[in-house]
Amino acid sequence: MWGSIPVLSFTVVRRIDCVLAPTKENVLKKYDELKDEIENLDLILKHESGYAFYNTSKYDFRRLLDDPANIQKNLIDYINGFSENMRDILDRFKIRNTIQTLHEKGSLYPLVQMFASGSVDLHPDRVSTSRRVR
């Protein structure tokens, strides 16, 4: 129904979403606190997230589901909220074009809904990134 490219790009975004979930509110709070005072918050927000990337959008996969009529606009806002280094990666997937195409086909909300469900939990506590060499 969706093809491999949207599923792969959405898997990447969902994984990042899960990784950032525990520090999301702290990042948003720090961003709101300092955005008018400091021009480049990149290092501060990376520190706050605990990773080399962050997201300043009020959205995450679950919050995107709260407004089905504006799923495309809100998902773009979410993508644009990522740090530049993460947006560069997502741009290689042509994620904005994928979002547009899925929206036009009426498949965007169902795909986000599927990835936001508890059955797609890509948090590092659930899905390890380590490899064992034998």
# chains A, B, ... in the order shown; residues from 1 in each chain; ligands from 1
>>> closest_atom_pairs(of="segment 87-122 of chain A", to="segment 62-71 of chain A", cutoff="12 Å", atoms="only C-alpha atoms", output="Markdown table")
| residue | atom | partner | partner_atom | distance |
| --- | --- | --- | --- | --- |
| A:Ile99 | CA | A:Ile71 | CA | 9.5 |
| A:Gln100 | CA | A:Ile71 | CA | 10.6 |
| A:Leu102 | CA | A:Ile71 | CA | 10.7 |
| A:His103 | CA | A:Ile71 | CA | 8.3 |
| A:Glu104 | CA | A:Ile71 | CA | 11.6 |
| A:Gly106 | CA | A:Ile71 | CA | 10.6 |
| A:Ser107 | CA | A:Ile71 | CA | 10.6 |
| A:Leu108 | CA | A:Ile71 | CA | 7.4 |
| A:Tyr109 | CA | A:Ile71 | CA | 6.4 |
| A:Pro110 | CA | A:Leu65 | CA | 9.4 |
| A:Leu111 | CA | A:Leu65 | CA | 10.6 |
| A:Val112 | CA | A:Leu65 | CA | 7.5 |
| A:Gln113 | CA | A:Leu65 | CA | 6.6 |
| A:Met114 | CA | A:Arg62 | CA | 10.3 |
| A:Phe115 | CA | A:Arg62 | CA | 9.0 |
| A:Ala116 | CA | A:Arg62 | CA | 5.5 |
| A:Ser117 | CA | A:Arg62 | CA | 7.9 |
| A:Gly118 | CA | A:Arg62 | CA | 9.9 |
| A:Val120 | CA | A:Arg62 | CA | 11.7 |
| A:Asp121 | CA | A:Arg62 | CA | 11.8 |
>>> closest_residue(among="A:Asp36, A:Glu48, A:Asp42, A:Asp77", to="Asp60 of chain A", atoms="only C-alpha atoms")
A:Asp77
>>> atom_distance(atom1="atom CA of Thr101 of chain A", atom2="atom CA of Lys24 of chain A")
28.4 Å
>>> select_by_dssp(residues="chain A", states="helix (DSSP H, G or I)", output="number ranges by chain")
A: 4-34, 42-49, 61-64, 68-80, 84-92, 95-104, 108-116
>>> closest_residue(among="A:Lys73, A:Lys105, A:Lys94, A:Lys30", to="Thr56 of chain A", atoms="only C-alpha atoms")
A:Lys30
>>> closest_residue(among="A:Met86, A:Val13, A:Ala21, A:Val27", to="Lys46 of chain A", atoms="only C-alpha atoms")
A:Val27
>>> closest_residue(among="A:Ile95, A:Ile79, A:Leu43, A:Ile38", to="Ile16 of chain A", atoms="only C-alpha atoms")
A:Ile79
>>> decode(residues="segment 99-115 of chain A", atoms="N, CA and C atoms", output="short mmCIF file (atom, residue, chain, number, x, y, z; two decimals), in the first residue's frame")
data_model
loop_
_atom_site.label_atom_id
_atom_site.label_comp_id
_atom_site.auth_asym_id
_atom_site.auth_seq_id
_atom_site.Cartn_x
_atom_site.Cartn_y
_atom_site.Cartn_z
N ILE A 99 5.62 13.11 2.12
CA ILE A 99 4.47 13.58 2.89
C ILE A 99 3.40 14.13 1.95
N GLN A 100 3.82 14.92 0.98
CA GLN A 100 2.88 15.49 0.00
C GLN A 100 2.16 14.38 -0.77
N THR A 101 2.92 13.42 -1.26
CA THR A 101 2.33 12.32 -2.04
C THR A 101 1.35 11.51 -1.20
N LEU A 102 1.76 11.16 0.01
CA LEU A 102 0.88 10.39 0.89
C LEU A 102 -0.38 11.17 1.23
N HIS A 103 -0.24 12.47 1.45
CA HIS A 103 -1.40 13.32 1.74
C HIS A 103 -2.38 13.33 0.56
N GLU A 104 -1.84 13.49 -0.63
CA GLU A 104 -2.69 13.52 -1.84
C GLU A 104 -3.44 12.20 -2.03
N LYS A 105 -2.83 11.10 -1.62
CA LYS A 105 -3.46 9.79 -1.77
C LYS A 105 -4.36 9.42 -0.59
N GLY A 106 -4.41 10.30 0.42
CA GLY A 106 -5.22 10.03 1.59
C GLY A 106 -4.60 8.98 2.52
N SER A 107 -3.30 8.76 2.38
CA SER A 107 -2.62 7.72 3.16
C SER A 107 -1.76 8.27 4.29
N LEU A 108 -1.62 9.58 4.38
CA LEU A 108 -0.70 10.14 5.36
C LEU A 108 -1.16 9.89 6.79
N TYR A 109 -2.39 10.24 7.10
CA TYR A 109 -2.87 10.04 8.48
C TYR A 109 -2.83 8.57 8.89
N PRO A 110 -3.31 7.64 8.05
CA PRO A 110 -3.23 6.23 8.46
C PRO A 110 -1.80 5.75 8.69
N LEU A 111 -0.84 6.25 7.91
CA LEU A 111 0.55 5.83 8.11
C LEU A 111 1.09 6.39 9.43
N VAL A 112 0.84 7.66 9.70
CA VAL A 112 1.27 8.24 10.97
C VAL A 112 0.59 7.52 12.13
N GLN A 113 -0.68 7.22 11.96
CA GLN A 113 -1.43 6.50 12.99
C GLN A 113 -0.80 5.14 13.26
N MET A 114 -0.42 4.43 12.22
CA MET A 114 0.21 3.13 12.38
C MET A 114 1.54 3.26 13.13
N PHE A 115 2.36 4.24 12.75
CA PHE A 115 3.65 4.41 13.39
C PHE A 115 3.52 4.93 14.82
#
